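*Asks:* Got input19.json for you, JSON, C-alpha atoms and all ligand atoms:
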[["chain", "number", "residue", "atom", "x", "y", "z"],
["A", 1262, "MET", "CA", 17.54, -33.73, -28.39],
["A", 1263, "LEU", "CA", 21.29, -34.46, -28.57],
["A", 1264, "LYS", "CA", 21.80, -33.40, -24.95],
["A", 1265, "ARG", "CA", 19.00, -35.72, -23.86],
["A", 1266, "ALA", "CA", 20.40, -38.59, -25.94],
["A", 1267, "LEU", "CA", 23.89, -38.09, -24.44],
["A", 1268, "GLU", "CA", 22.37, -37.97, -20.96],
["A", 1269, "SER", "CA", 21.01, -41.48, -21.54],
["A", 1270, "VAL", "CA", 24.62, -42.78, -21.70],
["A", 1271, "LEU", "CA", 26.53, -40.16, -19.66],
["A", 1272, "SER", "CA", 25.98, -38.07, -16.52],
["A", 1273, "GLU", "CA", 24.60, -34.54, -16.94],
["A", 1274, "LYS", "CA", 28.07, -32.99, -16.36],
["A", 1275, "GLU", "CA", 29.76, -35.42, -18.77],
["A", 1276, "SER", "CA", 27.21, -34.85, -21.51],
["A", 1277, "ALA", "CA", 27.61, -31.05, -21.15],
["A", 1278, "GLU", "CA", 31.38, -31.49, -21.71],
["A", 1279, "ILE", "CA", 30.86, -33.52, -24.89],
["A", 1280, "PHE", "CA", 28.11, -31.19, -26.08],
["A", 1281, "SER", "CA", 30.55, -28.25, -26.23],
["A", 1282, "ALA", "CA", 33.46, -30.26, -27.62],
["A", 1283, "PHE", "CA", 32.45, -31.34, -31.11],
["A", 1284, "ASP", "CA", 32.55, -29.76, -34.54],
["A", 1285, "GLN", "CA", 30.53, -30.70, -37.59],
["A", 1286, "ILE", "CA", 32.38, -30.27, -40.90],
["A", 1287, "GLY", "CA", 30.08, -31.22, -43.75],
["A", 1288, "ASP", "CA", 28.87, -34.72, -42.87],
["A", 1289, "ILE", "CA", 31.85, -35.45, -40.56],
["A", 1290, "ILE", "CA", 31.76, -34.98, -36.77],
["A", 1291, "ILE", "CA", 35.00, -34.48, -34.83],
["A", 1292, "VAL", "CA", 34.70, -34.84, -31.07],
["A", 1293, "ARG", "CA", 37.22, -34.19, -28.31],
["A", 1294, "ILE", "CA", 36.73, -36.58, -25.39],
["A", 1295, "PRO", "CA", 38.22, -36.01, -21.90],
["A", 1296, "ASP", "CA", 40.53, -38.84, -20.70],
["A", 1297, "LEU", "CA", 38.04, -39.91, -18.02],
["A", 1298, "LEU", "CA", 35.39, -40.59, -20.67],
["A", 1299, "LEU", "CA", 37.61, -42.43, -23.18],
["A", 1300, "GLY", "CA", 36.17, -45.77, -22.05],
["A", 1301, "LYS", "CA", 32.82, -44.59, -23.44],
["A", 1302, "LYS", "CA", 34.12, -43.26, -26.78],
["A", 1303, "GLU", "CA", 32.32, -45.89, -28.92],
["A", 1304, "ILE", "CA", 28.92, -45.19, -27.39],
["A", 1305, "ILE", "CA", 29.55, -41.43, -27.62],
["A", 1306, "GLY", "CA", 30.38, -41.84, -31.34],
["A", 1307, "LYS", "CA", 27.29, -43.98, -31.97],
["A", 1308, "THR", "CA", 25.01, -41.51, -30.14],
["A", 1309, "LEU", "CA", 26.39, -38.50, -32.04],
["A", 1310, "LEU", "CA", 25.95, -40.35, -35.36],
["A", 1311, "GLU", "CA", 22.35, -41.28, -34.55],
["A", 1312, "GLN", "CA", 21.35, -37.85, -33.30],
["A", 1313, "ILE", "CA", 23.07, -35.36, -35.60],
["A", 1314, "LYS", "CA", 21.28, -34.50, -38.78],
["A", 1315, "ASN", "CA", 23.39, -35.10, -41.94],
["A", 1316, "ALA", "CA", 26.26, -36.79, -40.04],
["A", 1317, "ASN", "CA", 27.72, -39.85, -41.76],
["A", 1318, "THR", "CA", 31.04, -40.18, -39.92],
["A", 1319, "VAL", "CA", 32.34, -39.58, -36.39],
["A", 1320, "PHE", "CA", 36.02, -39.23, -35.43],
["A", 1321, "TYR", "CA", 37.59, -38.75, -32.03],
["A", 1322, "GLN", "CA", 40.37, -36.11, -32.02],
["A", 1323, "SER", "CA", 43.25, -37.86, -30.24],
["A", 1324, "SER", "CA", 45.90, -35.11, -30.43],
["A", 1325, "PRO", "CA", 45.93, -31.33, -30.39],
["A", 1326, "VAL", "CA", 46.33, -29.45, -33.69],
["A", 1327, "GLU", "CA", 50.11, -29.62, -34.18],
["A", 1328, "GLY", "CA", 53.15, -29.60, -36.46],
["A", 1329, "ASP", "CA", 53.97, -27.37, -39.44],
["A", 1330, "PHE", "CA", 50.73, -28.30, -41.20],
["A", 1331, "ARG", "CA", 48.58, -27.63, -38.07],
["A", 1332, "ILE", "CA", 46.77, -30.97, -38.35],
["A", 1333, "ARG", "CA", 45.47, -33.42, -35.74],
["A", 1334, "ASP", "CA", 45.33, -37.18, -35.18],
["A", 1335, "LEU", "CA", 41.91, -38.69, -35.66],
["A", 1336, "GLU", "CA", 40.53, -42.05, -34.56],
["A", 1337, "PHE", "CA", 37.52, -43.45, -36.39],
["A", 1338, "LEU", "CA", 34.51, -44.01, -34.11],
["A", 1339, "ALA", "CA", 31.32, -44.54, -36.11],
["A", 1340, "GLY", "CA", 29.62, -44.46, -39.53],
["A", 1341, "GLU", "CA", 31.51, -44.42, -42.84],
["A", 1342, "ASN", "CA", 35.33, -44.38, -42.49],
["A", 1343, "LYS", "CA", 36.26, -41.46, -44.78],
["A", 1344, "THR", "CA", 38.09, -38.15, -44.21],
["A", 1345, "GLN", "CA", 36.95, -36.04, -47.22],
["A", 1346, "THR", "CA", 33.79, -34.00, -47.15],
["A", 1347, "GLU", "CA", 32.24, -30.83, -48.53],
["A", 1348, "TYR", "CA", 31.59, -27.90, -46.20],
["A", 1349, "LYS", "CA", 29.44, -24.86, -47.04],
["A", 1350, "GLU", "CA", 29.81, -21.37, -45.53],
["A", 1351, "PHE", "CA", 28.24, -18.05, -46.62],
["A", 1352, "GLY", "CA", 27.42, -19.44, -50.07],
["A", 1353, "CYS", "CA", 30.94, -20.84, -50.70],
["A", 1354, "ARG", "CA", 31.76, -24.55, -51.12],
["A", 1355, "PHE", "CA", 34.89, -26.16, -49.71],
["A", 1356, "LEU", "CA", 36.34, -29.62, -50.22],
["A", 1357, "VAL", "CA", 38.11, -30.55, -46.97],
["A", 1358, "ASP", "CA", 40.20, -33.53, -45.89],
["A", 1359, "VAL", "CA", 39.88, -33.39, -42.10],
["A", 1360, "GLU", "CA", 42.92, -35.64, -41.62],
["A", 1361, "LYS", "CA", 45.37, -34.06, -44.06],
["A", 1362, "VAL", "CA", 44.73, -30.31, -43.70],
["A", 1363, "PHE", "CA", 43.93, -27.69, -41.08],
["A", 1364, "PHE", "CA", 40.30, -26.76, -40.89],
["A", 1365, "SER", "CA", 38.17, -24.93, -38.32],
["A", 1366, "PRO", "CA", 34.47, -24.13, -38.63],
["A", 1367, "ARG", "CA", 34.98, -21.85, -35.60],
["A", 1368, "LEU", "CA", 36.65, -19.10, -37.68],
["A", 1369, "SER", "CA", 33.63, -18.37, -39.84],
["A", 1370, "THR", "CA", 32.83, -14.96, -38.24],
["A", 1371, "GLU", "CA", 36.43, -13.87, -38.74],
["A", 1372, "ARG", "CA", 36.45, -15.04, -42.38],
["A", 1373, "ASN", "CA", 33.32, -13.01, -43.05],
["A", 1374, "ARG", "CA", 34.78, -9.95, -41.29],
["A", 1375, "ILE", "CA", 37.91, -10.05, -43.48],
["A", 1376, "ALA", "CA", 35.88, -10.60, -46.68],
["A", 1377, "ASP", "CA", 33.86, -7.48, -45.80],
["A", 1378, "LEU", "CA", 37.02, -5.39, -45.30],
["A", 1379, "VAL", "CA", 38.60, -6.30, -48.66],
["A", 1380, "LYS", "CA", 37.98, -3.66, -51.33],
["A", 1381, "ASP", "CA", 37.45, -4.13, -55.07],
["A", 1382, "GLY", "CA", 40.77, -4.06, -56.91],
["A", 1383, "GLU", "CA", 42.90, -5.12, -53.93],
["A", 1384, "THR", "CA", 45.70, -7.68, -54.01],
["A", 1385, "VAL", "CA", 45.55, -9.90, -50.94],
["A", 1386, "ILE", "CA", 48.39, -12.15, -49.82],
["A", 1387, "ASN", "CA", 47.14, -14.98, -47.62],
["A", 1388, "MET", "CA", 50.47, -16.25, -46.23],
["A", 1389, "PHE", "CA", 49.07, -19.35, -44.50],
["A", 1390, "GLY", "CA", 46.03, -19.88, -46.66],
["A", 1391, "GLY", "CA", 45.26, -23.60, -46.15],
["A", 1392, "ILE", "CA", 42.54, -24.87, -48.46],
["A", 1393, "GLY", "CA", 41.57, -21.30, -49.35],
["A", 1394, "MET", "CA", 38.73, -20.52, -46.93],
["A", 1395, "PHE", "CA", 39.57, -16.83, -46.33],
["A", 1396, "SER", "CA", 40.72, -16.35, -49.95],
["A", 1397, "ILE", "CA", 37.57, -17.81, -51.50],
["A", 1398, "MET", "CA", 35.21, -15.91, -49.23],
["A", 1399, "ALA", "CA", 36.98, -12.63, -50.05],
["A", 1400, "ALA", "CA", 37.10, -13.27, -53.80],
["A", 1401, "LYS", "CA", 33.40, -14.29, -53.85],
["A", 1402, "LYS", "CA", 32.44, -10.94, -52.30],
["A", 1403, "LYS", "CA", 34.93, -8.55, -53.94],
["A", 1404, "LYS", "CA", 36.75, -8.23, -57.27],
["A", 1405, "CYS", "CA", 40.18, -8.85, -55.77],
["A", 1406, "THR", "CA", 43.25, -10.96, -56.56],
["A", 1407, "VAL", "CA", 44.37, -13.34, -53.81],
["A", 1408, "TYR", "CA", 47.65, -15.25, -53.53],
["A", 1409, "ASN", "CA", 46.90, -18.26, -51.30],
["A", 1410, "ILE", "CA", 50.18, -19.71, -50.01],
["A", 1411, "ASP", "CA", 50.49, -22.95, -48.05],
["A", 1412, "ILE", "CA", 53.39, -25.27, -47.26],
["A", 1413, "ASN", "CA", 51.14, -28.36, -47.01],
["A", 1414, "PRO", "CA", 50.87, -29.90, -50.52],
["A", 1415, "ASP", "CA", 47.44, -31.37, -49.74],
["A", 1416, "ALA", "CA", 46.13, -27.94, -48.69],
["A", 1417, "ALA", "CA", 47.48, -26.32, -51.88],
["A", 1418, "LYS", "CA", 45.86, -29.07, -54.04],
["A", 1419, "LEU", "CA", 42.52, -28.74, -52.25],
["A", 1420, "CYS", "CA", 42.74, -24.96, -52.64],
["A", 1421, "GLU", "CA", 43.06, -25.42, -56.42],
["A", 1422, "LYS", "CA", 39.97, -27.68, -56.41],
["A", 1423, "ASN", "CA", 38.06, -25.18, -54.27],
["A", 1424, "ILE", "CA", 38.96, -22.33, -56.66],
["A", 1425, "SER", "CA", 37.34, -24.32, -59.51],
["A", 1426, "LEU", "CA", 34.38, -25.41, -57.39],
["A", 1427, "ASN", "CA", 33.60, -21.74, -56.62],
["A", 1428, "LYS", "CA", 34.33, -20.60, -60.20],
["A", 1429, "LEU", "CA", 37.12, -18.23, -59.11],
["A", 1430, "ALA", "CA", 39.86, -19.22, -61.59],
["A", 1431, "GLY", "CA", 42.02, -16.15, -62.25],
["A", 1432, "SER", "CA", 41.02, -14.38, -59.01],
["A", 1433, "ILE", "CA", 42.89, -16.70, -56.65],
["A", 1434, "ILE", "CA", 46.34, -18.17, -57.25],
["A", 1435, "SER", "CA", 47.23, -21.22, -55.13],
["A", 1436, "LEU", "CA", 50.96, -21.32, -54.35],
["A", 1437, "HIS", "CA", 52.56, -24.32, -52.65],
["A", 1438, "GLY", "CA", 55.61, -23.61, -50.47],
["A", 1439, "ASP", "CA", 57.06, -21.60, -47.60],
["A", 1440, "ALA", "CA", 55.50, -18.14, -47.33],
["A", 1441, "THR", "CA", 58.81, -16.33, -46.72],
["A", 1442, "GLN", "CA", 60.47, -17.97, -49.71],
["A", 1443, "ILE", "CA", 57.54, -17.33, -52.06],
["A", 1444, "ILE", "CA", 57.25, -13.69, -50.94],
["A", 1445, "ASN", "CA", 60.99, -13.16, -51.48],
["A", 1446, "GLU", "CA", 60.84, -14.74, -54.92],
["A", 1447, "LYS", "CA", 57.75, -13.08, -56.36],
["A", 1448, "LEU", "CA", 55.46, -11.12, -54.05],
["A", 1449, "LYS", "CA", 57.59, -8.34, -52.50],
["A", 1450, "GLY", "CA", 55.63, -5.10, -52.15],
["A", 1451, "LYS", "CA", 52.55, -6.49, -53.94],
["A", 1452, "GLY", "CA", 49.95, -6.79, -51.18],
["A", 1453, "ASP", "CA", 47.34, -4.22, -50.22],
["A", 1454, "ARG", "CA", 46.40, -6.65, -47.45],
["A", 1455, "ILE", "CA", 48.37, -9.45, -45.80],
["A", 1456, "LEU", "CA", 46.76, -12.25, -43.78],
["A", 1457, "MET", "CA", 48.91, -14.02, -41.19],
["A", 1458, "LEU", "CA", 46.76, -16.84, -39.84],
["A", 1459, "LEU", "CA", 49.51, -18.87, -38.17],
["A", 1460, "PRO", "CA", 49.05, -17.36, -34.70],
["A", 1461, "GLU", "CA", 51.70, -19.46, -32.93],
["A", 1462, "ARG", "CA", 54.45, -18.14, -35.23],
["A", 1463, "SER", "CA", 53.32, -14.65, -36.28],
["A", 1464, "ASP", "CA", 56.32, -12.84, -34.77],
["A", 1465, "GLU", "CA", 58.69, -15.03, -36.76],
["A", 1466, "PHE", "CA", 56.94, -14.15, -40.04],
["A", 1467, "LEU", "CA", 56.23, -10.45, -39.41],
["A", 1468, "ASP", "CA", 59.25, -9.27, -41.46],
["A", 1469, "SER", "CA", 58.02, -11.34, -44.42],
["A", 1470, "ALA", "CA", 54.50, -9.91, -44.08],
["A", 1471, "ILE", "CA", 55.94, -6.38, -44.09],
["A", 1472, "SER", "CA", 58.07, -7.22, -47.10],
["A", 1473, "ALA", "CA", 54.97, -8.56, -48.94],
["A", 1474, "ALA", "CA", 52.95, -5.40, -48.21],
["A", 1475, "LYS", "CA", 52.74, -2.24, -50.29],
["A", 1476, "LYS", "CA", 54.10, 1.00, -48.72],
["A", 1477, "ASN", "CA", 50.86, 1.56, -46.77],
["A", 1478, "GLY", "CA", 49.51, -1.98, -46.77],
["A", 1479, "ILE", "CA", 47.31, -3.52, -44.07],
["A", 1480, "ILE", "CA", 48.48, -6.51, -42.02],
["A", 1481, "HIS", "CA", 46.06, -8.79, -40.19],
["A", 1482, "TYR", "CA", 48.30, -10.07, -37.42],
["A", 1483, "TYR", "CA", 46.91, -13.11, -35.53],
["A", 1484, "SER", "CA", 48.46, -14.26, -32.27],
["A", 1485, "HIS", "CA", 47.86, -16.22, -29.10],
["A", 1486, "ILE", "CA", 47.98, -14.31, -25.86],
["A", 1487, "HIS", "CA", 47.54, -14.96, -22.14],
["A", 1488, "ALA", "CA", 45.10, -12.60, -20.40],
["A", 1489, "ASP", "CA", 43.27, -12.69, -17.06],
["A", 1490, "LYS", "CA", 40.05, -11.68, -18.80],
["A", 1491, "LYS", "CA", 39.08, -12.10, -22.43],
["A", 1492, "THR", "CA", 38.20, -8.41, -22.67],
["A", 1493, "LEU", "CA", 41.87, -7.57, -22.00],
["A", 1494, "ALA", "CA", 43.29, -9.78, -24.75],
["A", 1495, "PRO", "CA", 42.85, -7.43, -27.77],
["A", 1496, "LYS", "CA", 44.62, -4.47, -26.08],
["A", 1497, "LEU", "CA", 47.46, -6.75, -24.91],
["A", 1498, "SER", "CA", 47.90, -7.96, -28.50],
["A", 1499, "GLU", "CA", 47.97, -4.40, -29.82],
["A", 1500, "LYS", "CA", 50.67, -3.55, -27.26],
["A", 1501, "HIS", "CA", 52.70, -6.61, -28.26],
["A", 1502, "PHE", "CA", 52.36, -5.83, -31.96],
["A", 1503, "LEU", "CA", 53.52, -2.23, -31.45],
["A", 1504, "GLU", "CA", 56.49, -3.47, -29.43],
["A", 1505, "ILE", "CA", 57.72, -5.87, -32.10],
["A", 1506, "THR", "CA", 56.83, -4.18, -35.40],
["A", 1507, "PRO", "CA", 59.98, -2.72, -36.98],
["A", 1508, "VAL", "CA", 57.97, -0.19, -39.07],
["A", 1509, "LYS", "CA", 55.65, 2.70, -38.23],
["A", 1510, "SER", "CA", 52.20, 1.15, -37.69],
["A", 1511, "GLU", "CA", 48.72, 2.49, -37.06],
["A", 1512, "ILE", "CA", 46.33, 0.14, -35.26],
["A", 1513, "LEU", "CA", 43.01, 0.10, -37.10],
["A", 1514, "TYR", "CA", 41.18, -2.50, -35.01],
["A", 1515, "SER", "CA", 41.67, -5.52, -32.76],
["A", 1516, "ARG", "CA", 39.46, -8.28, -31.42],
["A", 1517, "MET", "CA", 39.44, -11.58, -29.59],
["A", 1518, "VAL", "CA", 38.79, -14.28, -32.23],
["A", 1519, "ARG", "CA", 38.28, -17.26, -29.91],
["A", 1520, "ALA", "CA", 39.40, -18.84, -26.65],
["A", 1521, "VAL", "CA", 42.12, -21.46, -27.21],
["A", 1522, "GLY", "CA", 42.70, -22.54, -23.59],
["A", 1523, "PRO", "CA", 42.19, -21.40, -20.00],
["A", 1524, "ARG", "CA", 42.97, -17.63, -19.99],
["A", 1525, "TYR", "CA", 44.55, -18.06, -23.43],
["A", 1526, "TYR", "CA", 43.07, -16.34, -26.49],
["A", 1527, "GLN", "CA", 43.51, -16.07, -30.23],
["A", 1528, "THR", "CA", 43.40, -12.41, -31.22],
["A", 1529, "VAL", "CA", 43.74, -10.35, -34.37],
["A", 1530, "VAL", "CA", 45.24, -6.90, -34.79],
["A", 1531, "ASP", "CA", 44.58, -4.99, -38.02],
["A", 1532, "ALA", "CA", 47.41, -2.53, -38.63],
["A", 1533, "ARG", "CA", 48.26, -0.13, -41.44],
["A", 1534, "ILE", "CA", 52.00, 0.02, -41.87],
["A", 1535, "SER", "CA", 54.15, 2.83, -43.37],
["A", 1536, "LYS", "CA", 57.47, 1.88, -44.93],
["A", 1601, "LIG", "C1", 46.16, -22.22, -38.72],
["A", 1601, "LIG", "S1", 46.25, -22.84, -40.37],
["A", 1601, "LIG", "C2", 45.27, -21.66, -41.23],
["A", 1601, "LIG", "C3", 44.77, -22.14, -42.57],
["A", 1601, "LIG", "C4", 43.73, -21.23, -43.24],
["A", 1601, "LIG", "N1", 44.07, -19.84, -43.19],
["A", 1601, "LIG", "C5", 42.34, -21.47, -42.67],
["A", 1601, "LIG", "O1", 41.88, -20.64, -41.89],
["A", 1601, "LIG", "O2", 41.72, -22.49, -43.00],
["A", 1601, "LIG", "C6", 47.89, -22.46, -40.80],
["A", 1601, "LIG", "C7", 48.34, -22.97, -42.16],
["A", 1601, "LIG", "O3", 49.69, -22.51, -42.38],
["A", 1601, "LIG", "C8", 50.39, -23.49, -43.12],
["A", 1601, "LIG", "N2", 51.85, -23.22, -42.93],
["A", 1601, "LIG", "C9", 52.63, -23.51, -41.86],
["A", 1601, "LIG", "N3", 53.89, -23.06, -42.04],
["A", 1601, "LIG", "C10", 53.89, -22.43, -43.25],
["A", 1601, "LIG", "C11", 54.89, -21.73, -43.99],
["A", 1601, "LIG", "N4", 56.13, -21.61, -43.52],
["A", 1601, "LIG", "N5", 54.55, -21.19, -45.19],
["A", 1601, "LIG", "C12", 53.28, -21.32, -45.68],
["A", 1601, "LIG", "N6", 52.30, -22.00, -45.02],
["A", 1601, "LIG", "C13", 52.59, -22.53, -43.83],
["A", 1601, "LIG", "C14", 49.89, -24.81, -42.57],
["A", 1601, "LIG", "O4", 50.08, -25.86, -43.48],
["A", 1601, "LIG", "C15", 48.40, -24.48, -42.30],
["A", 1601, "LIG", "O5", 47.59, -24.86, -43.40]]
Could you rewrite the structure in this file as structure tokens?
*Replies:*
Amino acid sequence: MLKRALESVLSEKESAEIFSAFDQIGDIIIVRIPDLLLGKKEIIGKTLLEQIKNANTVFYQSSPVEGDFRIRDLEFLAGENKTQTEYKEFGCRFLVDVEKVFFSPRLSTERNRIADLVKDGETVINMFGGIGMFSIMAAKKKKCTVYNIDINPDAAKLCEKNISLNKLAGSIISLHGDATQIINEKLKGKGDRILMLLPERSDEFLDSAISAAKKNGIIHYYSHIHADKKTLAPKLSEKHFLEITPVKSEILYSRMVRAVGPRYYQTVVDARISK
């Protein structure tokens, strides 16, 4: 339906590009538009709004995800001009502000994988927790305690709201600030499991993750890696992790999470450390 509607205003090749370049977050659509099609952005916005069930707003993403807060510039295209919405995933509810905080619906498989790995009774330290997506999914499934740290004040505030919305007060603690500083002040040696979802800067924060972990804690180390084929990316990440980790580490698992550019992949390595 949508493909056919786009083909009424764009060529077949152009509509295929747009078709694979938008995300729906609650009732908000965010679309990336190639430079050559920018002249048609209004009609693209109008078509997406008309065709997509439950969509009330369309934004064009005019910058990559960037800066300390990992957020993007958005330009309003169609519908109601608002940036807050509610997103649902695996029975959890999330208030999101698509302009002020990082958010990706494309990590849902990974969030579910981590929630399945967490065991009852664990303490999880989510170093770059954002609005609490991974933390809430884990605490909904397992009786764990999660420290959700984020340096973006809007993310930390939304995390608090999301904890209440999902009735998880007491299980998740939202902490606003720099992960290294917070770990040094109050979380050293506390984590059974450490999540490091800031792939561009994982190496810089690895010492802090190790310091946050218990003696034999597990670290979920996310990174971005160049590889000729996507099947090679997980092994290359394992090799890199083993080269840089300053402590004895056993690789438990690795996978390619998603493609982030041509021959460029986001990967995760699960490692049990010994210190
Ligand atoms: C890629 S996002 C991941 C957010 C969240 N885990 C999710 O999946 O929705 C990285 C997050 O790290 C936060 N961040 C960046 N530098 C940080 C730091 N030094 N300490 C704590 N959080 C930081 C950003 O504000 C951003 O929300």
*Asks:* For a test of reading the model, state the distance in Å between CA of Leu1298 in chain A and CA of Asn1317 in chain A, rounded to one decimal.
*Replies:*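 Atom-to-atom, CA of Leu1298 in chain A and CA of Asn1317 in chain A are spaced 22.5 Å apart.
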*Asks:* Can you work out which residues are within 9 Å of ligand LIG 1601 (chain A), considering only C-alpha atoms and all ligand atoms, and then hand them over as a VMD selection string?
*Replies:* chain A and resid 1326 1328 to 1332 1362 to 1366 1368 to 1369 1372 1387 to 1396 1409 to 1417 1436 to 1443 1456 to 1462 1466
*Asks:* Nearest to Asn1423 in chain A: which of A:Ala1339, A:Val1357, A:Lys1402, A:Gly1382 is it, counting only C-alpha atoms?
*Replies:*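 Comparing A:Ala1339, A:Val1357, A:Lys1402, A:Gly1382 against Asn1423 in chain A, the winner is A:Val1357.
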*Asks:* A:Lys1403, A:Thr1528, A:Ile1286, A:Leu1338: which is nearest Val1359 in chain A, counting all atoms listed in the file?
*Replies:* A:Ile1286
*Asks:* Quick one: distance from CA of Glu1303 in chain A to CA of Lys1361 in chain A in Å, one decimal?
*Replies:*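 Distance reported for this atom pair: 23.2 Å.
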*Asks:* Just checking: using only C-alpha atoms, which residue out of A:Ile1291, A:Leu1429, A:Ala1282, A:Leu1309 ends up closest to Met1262 in chain A?
*Replies:*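 Of A:Ile1291, A:Leu1429, A:Ala1282, A:Leu1309, the one nearest Met1262 in chain A, counting only C-alpha atoms, is A:Leu1309.
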*Asks:* Show me, as JSON, the centre and edge lengths in Å to one decimal of the axis-aligned box that covers every listed atom of range 1289-1299 of chain A with 4 Å on each side.
*Replies:*
{"center_x": 36.1, "center_y": -38.3, "center_z": -29.3, "size_x": 16.8, "size_y": 16.2, "size_z": 30.5}
*Asks:* Please measure the separation of CA of Ser1435 in chain A and CA of Lys1422 in chain A, giving the value in Å to one decimal.
*Replies:*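 Between CA of Ser1435 in chain A and CA of Lys1422 in chain A the gap is 9.8 Å.
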*Asks:* Write out as a list in words the residues lying within 9 Å of Ile1486 in chain A, counting all atoms listed in the file and excluding same-chain residues fewer than 6 positions away.
*Replies:*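 Residues near the query, excluding close chain neighbours: Ala1494, Pro1495, Leu1497, Ser1498, Arg1524, Tyr1525, Tyr1526, Gln1527 and Thr1528 of chain A.
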*Asks:* Determine, counting all atoms listed in the file, which protein, DNA and RNA residues have an atom within 8 Å of an atom of Gly1287 in chain A; residues of the same chain fewer than 3 positions away are not included. Present the result as a list in words.
*Replies:*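 Residues near the query, excluding close chain neighbours: Asn1315, Ala1316, Thr1346, Glu1347, Tyr1348 and Lys1349 of chain A.
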*Asks:* Could you check the closest approach to Lys1449 in chain A for each of A:His1487, A:Lys1428, A:Lys1475, A:Lys1302 and tell me which residue wins, using only C-alpha atoms?
*Replies:*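 Counting only C-alpha atoms, the residue closest to Lys1449 in chain A is A:Lys1475.
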*Asks:* Would you mind listing what lies within 9 Å of Leu1467 in chain A as a list in words, with only C-alpha atoms counted and same-chain residues fewer than 3 positions away left out?
*Replies:*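 The filter keeps Met1457, Arg1462, Ser1463, Asp1464, Ala1470, Ile1471, Ser1472, Tyr1482, Ile1505, Thr1506 and Pro1507 of chain A.
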*Asks:* Using all atoms listed in the file, which residues sit within 8 Å of Lys1509 in chain A once same-chain residues fewer than 4 positions away are excluded, as a ChimeraX atom specification?
*Replies:* /A:1534-1536
*Asks:* Which residue out of A:Ile1294, A:Leu1426, A:Leu1335, A:Leu1503 has the minimum interatomic distance to Arg1354 in chain A when only C-alpha atoms are used?
*Replies:*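 Closest residue, counting only C-alpha atoms: A:Leu1426.
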*Asks:* Can you work out which one of A:Lys1476, A:Ser1281, A:Glu1360, A:Lys1401 has the shortest atom-to-atom distance to Thr1344 in chain A, counting all atoms listed in the file?
*Replies:*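 Going through A:Lys1476, A:Ser1281, A:Glu1360, A:Lys1401 one by one, the smallest distance to Thr1344 in chain A is for A:Glu1360.
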*Asks:* Set the distance at 9 Å and use all atoms listed in the file: which residues neighbour Thr1318 in chain A once local chain neighbours fewer than 5 positions away are removed? I'd like the list as a PyMOL selection string.
*Replies:* chain A and resi 1288-1291+1306+1310+1337-1344
*Asks:* Pull the closest atom pair for each residue of range 1283-1387 of chain A that gets at most 9 Å from range 1510-1521 of chain A, along with the distance in Å to one decimal, counting all atoms listed in the file, ordering rows by chain and then ascending residue number, as a tab-separated table.
*Replies:*
residue	atom	partner	partner_atom	distance
A:Arg1367	CA	A:Arg1519	CA	8.0
A:Leu1368	CA	A:Val1518	CA	7.6
A:Thr1370	CA	A:Val1518	CA	8.5
A:Glu1371	CA	A:Val1518	CA	6.9
